[in-house]
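Each remark here refers to the structure printed beneath this line.
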Amino acid sequence: MKHWGLFLFALAFAACHDDNQPEPTYYITPEISGLAADYPGVQQHIAISANCDWKVEDTPEWCIAQKITADNKDYLAVEIMPNDEKNPRETFIILSYGQTIIPFHVTQKGEEMPAPMQWYTFPTNWFSDVTYDSPDNDKTRRYRITGFELSVSPSSRNQVFPGNLINRHATNRELTDYADKYTFNPIILTASTYDTKHFTKPSLEQTNKWVKELIAKSPEQNSNFFYQSPIRYTTYRQLHLLGIGNMGLKLDELISGESYLSKEMEKRTGMIYTYSHELIRIFVGEYPENLIAETVSDDERHEMSYINGVAYGRTALLLVESDRKYQETKNVVSKIMWEESLNAEELQIRDNLTAYYIYFNDKGDVQTEKGGTELIGKFWTGVSTLNILPVNFTTNRFENHAVGTMEVTFDLP
């Protein structure tokens with residue numbers, strides 16, 4: 001029996017060293033088969049099931065991958081860097097052990113540039129529709145914007161006061177009023193502070209004087225602040241569209257000194273920061289039975305509206321242009337606004353950007369300053385220091401006092 005046992009032991013030993021025996025089967029199984037990232041990049045840990053000590057082969061610089069262990073489990077740690085290019089990219093992360101090779105597929109989108117003529121509405125407006133067509137089938141666009149609440153443009157500032165009778169169509173953002181054509185009847189105005197004022201007729205001077213008195217008495221009452229994330233633009237043509245359509249301002253000419261038709265933006269991307277800080281609203285307190293003494297034809301009545309309400313407050317714009325990525329620049333501007341510290345890379349982004357501060361003086365004339373980070377702070381503090389002016393207005397239809405809409409039309413070559 002003893003010799004038989006030794007024989008079995010020798011046989012088993014020989015079997016363990018038989019060169020014809022198959023190699024053990026190894027497996028490396030990620031919990032997902034691949035990773036798809038958007039252009040900003042992503043960091044993710046993928047659990048790996050394996051019966052071997054696998055490793056990660058070399059990867060491209062934009063795809064950092066390594067093996068990590070946590071809670072006695074193996075993970076593939078992947079960091080996809082931002083893709084600054086428009087084109088997507090892909091690679092395979094190779095997980096291996098000996099002859100066992102497992103490819104892990106990684107794809108990433110290119111930077112999603114916004115549509116070159118994307119429309120955005122500034123917080124000083126309330127638009128219900130923005131459309132355009134090309135009447136000559138050429139590059140020129142004819143825009144038609146319908147709005148319940150319209151910002152006050154510099155060209156129309158002296159025409160905007162409660163009770164003024166205007167045409168509901170504003171070509172090139174120009175208002176047509178009837179101040180010299182008709183005889184206005186007395187009117188009653190009411191403020192958001194619940195004060196009431198009687199006027200012998202609608203008046204810009206008298207309304208502005210009353211507004212100053214009310215704000216001096218109660219400067220922060222019924223204050224409303226409207227702000228939005230920065231609006232991105234990529235061409236000066238788009239900047240011109242947004243400026244004319246929203247505020248009647250040729251923003252491209254204000255910051256470059258030339259029309260977009262002759263000078264295009266040089267930096268990679270631009271951002272518009274803007275707000276509407278409304279302190280008080282004056283509106284027609286009682287619908288006048290007859291706003292004017294004269295009688296007008298039905299056709300004319302249909303095209304006429306009167307300004308029912310005007311919001312007084314502050315608004316300004318900050319334009320920031322940079323050759324760096326949009327999201328990175330946005331983050332740096334935000335840190336500057338909140339006076340947060342910047343790291344070395346963020347300091348480089350800060351030094352690369354160009355800022356333009358656009359605001360209105362006490363007469364409502366446009367003022368433009370060009371500079372750097374000091375204008376970012378100036379824009380932010382201007383919310384409480386700028387002149388108080390008409391910000392936007394609403395209308396009623398002359399024929400029946402129903403809520404009115406304004407129609408703004410202009411051509412964009």
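Labeling convention for the structure tokens: chains A, B, ... as they appear, residues from 1 per chain, ligands from 1 in order of appearance.
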Return as JSON lines the residues of range 375-407 of chain A lying at most 7 Å from range 301-323 of chain A, together with the closest atom-to-atom pair for each and the distance in Å to one decimal, counting only C-alpha atoms, with rows in chain order and ascending residue number.
{"residue": "A:Phe379", "atom": "CA", "partner": "A:Leu318", "partner_atom": "CA", "distance": 6.4}
{"residue": "A:Val383", "atom": "CA", "partner": "A:Arg314", "partner_atom": "CA", "distance": 6.8}
{"residue": "A:Leu386", "atom": "CA", "partner": "A:Arg314", "partner_atom": "CA", "distance": 6.4}
{"residue": "A:Asn387", "atom": "CA", "partner": "A:Arg314", "partner_atom": "CA", "distance": 6.6}
{"residue": "A:Ile388", "atom": "CA", "partner": "A:Gly313", "partner_atom": "CA", "distance": 4.7}
{"residue": "A:Leu389", "atom": "CA", "partner": "A:Tyr312", "partner_atom": "CA", "distance": 5.3}
{"residue": "A:Pro390", "atom": "CA", "partner": "A:Tyr312", "partner_atom": "CA", "distance": 4.3}
{"residue": "A:Val391", "atom": "CA", "partner": "A:Tyr312", "partner_atom": "CA", "distance": 5.4}
{"residue": "A:Asn392", "atom": "CA", "partner": "A:Ala311", "partner_atom": "CA", "distance": 5.5}
{"residue": "A:Phe393", "atom": "CA", "partner": "A:Val310", "partner_atom": "CA", "distance": 4.3}
{"residue": "A:Thr394", "atom": "CA", "partner": "A:Gly309", "partner_atom": "CA", "distance": 5.2}
{"residue": "A:Thr395", "atom": "CA", "partner": "A:Ile307", "partner_atom": "CA", "distance": 4.4}
{"residue": "A:Asn396", "atom": "CA", "partner": "A:Ser305", "partner_atom": "CA", "distance": 5.6}
{"residue": "A:Arg397", "atom": "CA", "partner": "A:Ser305", "partner_atom": "CA", "distance": 4.4}
{"residue": "A:Phe398", "atom": "CA", "partner": "A:Ser305", "partner_atom": "CA", "distance": 4.6}
{"residue": "A:Glu399", "atom": "CA", "partner": "A:Arg301", "partner_atom": "CA", "distance": 5.6}
{"residue": "A:Gly404", "atom": "CA", "partner": "A:Ser305", "partner_atom": "CA", "distance": 6.9}
> So which one's closest to Asp411 in chain A, A:Leu241, A:Met271, A:Ala70, A:Leu214? Using only C-alpha atoms, please.
Replying inline: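 For Asp411 in chain A, the nearest of the candidates is A:Leu241.
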>> Please report the interatomic distance between CA of Ile101 in chain A and CA of Asp58 in chain A in Å with one decimal.
In response: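 Between CA of Ile101 in chain A and CA of Asp58 in chain A the gap is 13.2 Å.
For the set A:Ala293, A:Thr200, A:Gln238, A:Tyr194, the residue with the smallest atom-to-atom gap to Ser218 in chain A is A:Tyr194, counting only C-alpha atoms.
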>> Nearest residue to Val56 in chain A out of A:Leu95, A:Ala37, A:Met265, A:Ile255, using only C-alpha atoms?
In response: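 Selected residue with least distance to Val56 in chain A: A:Leu95.
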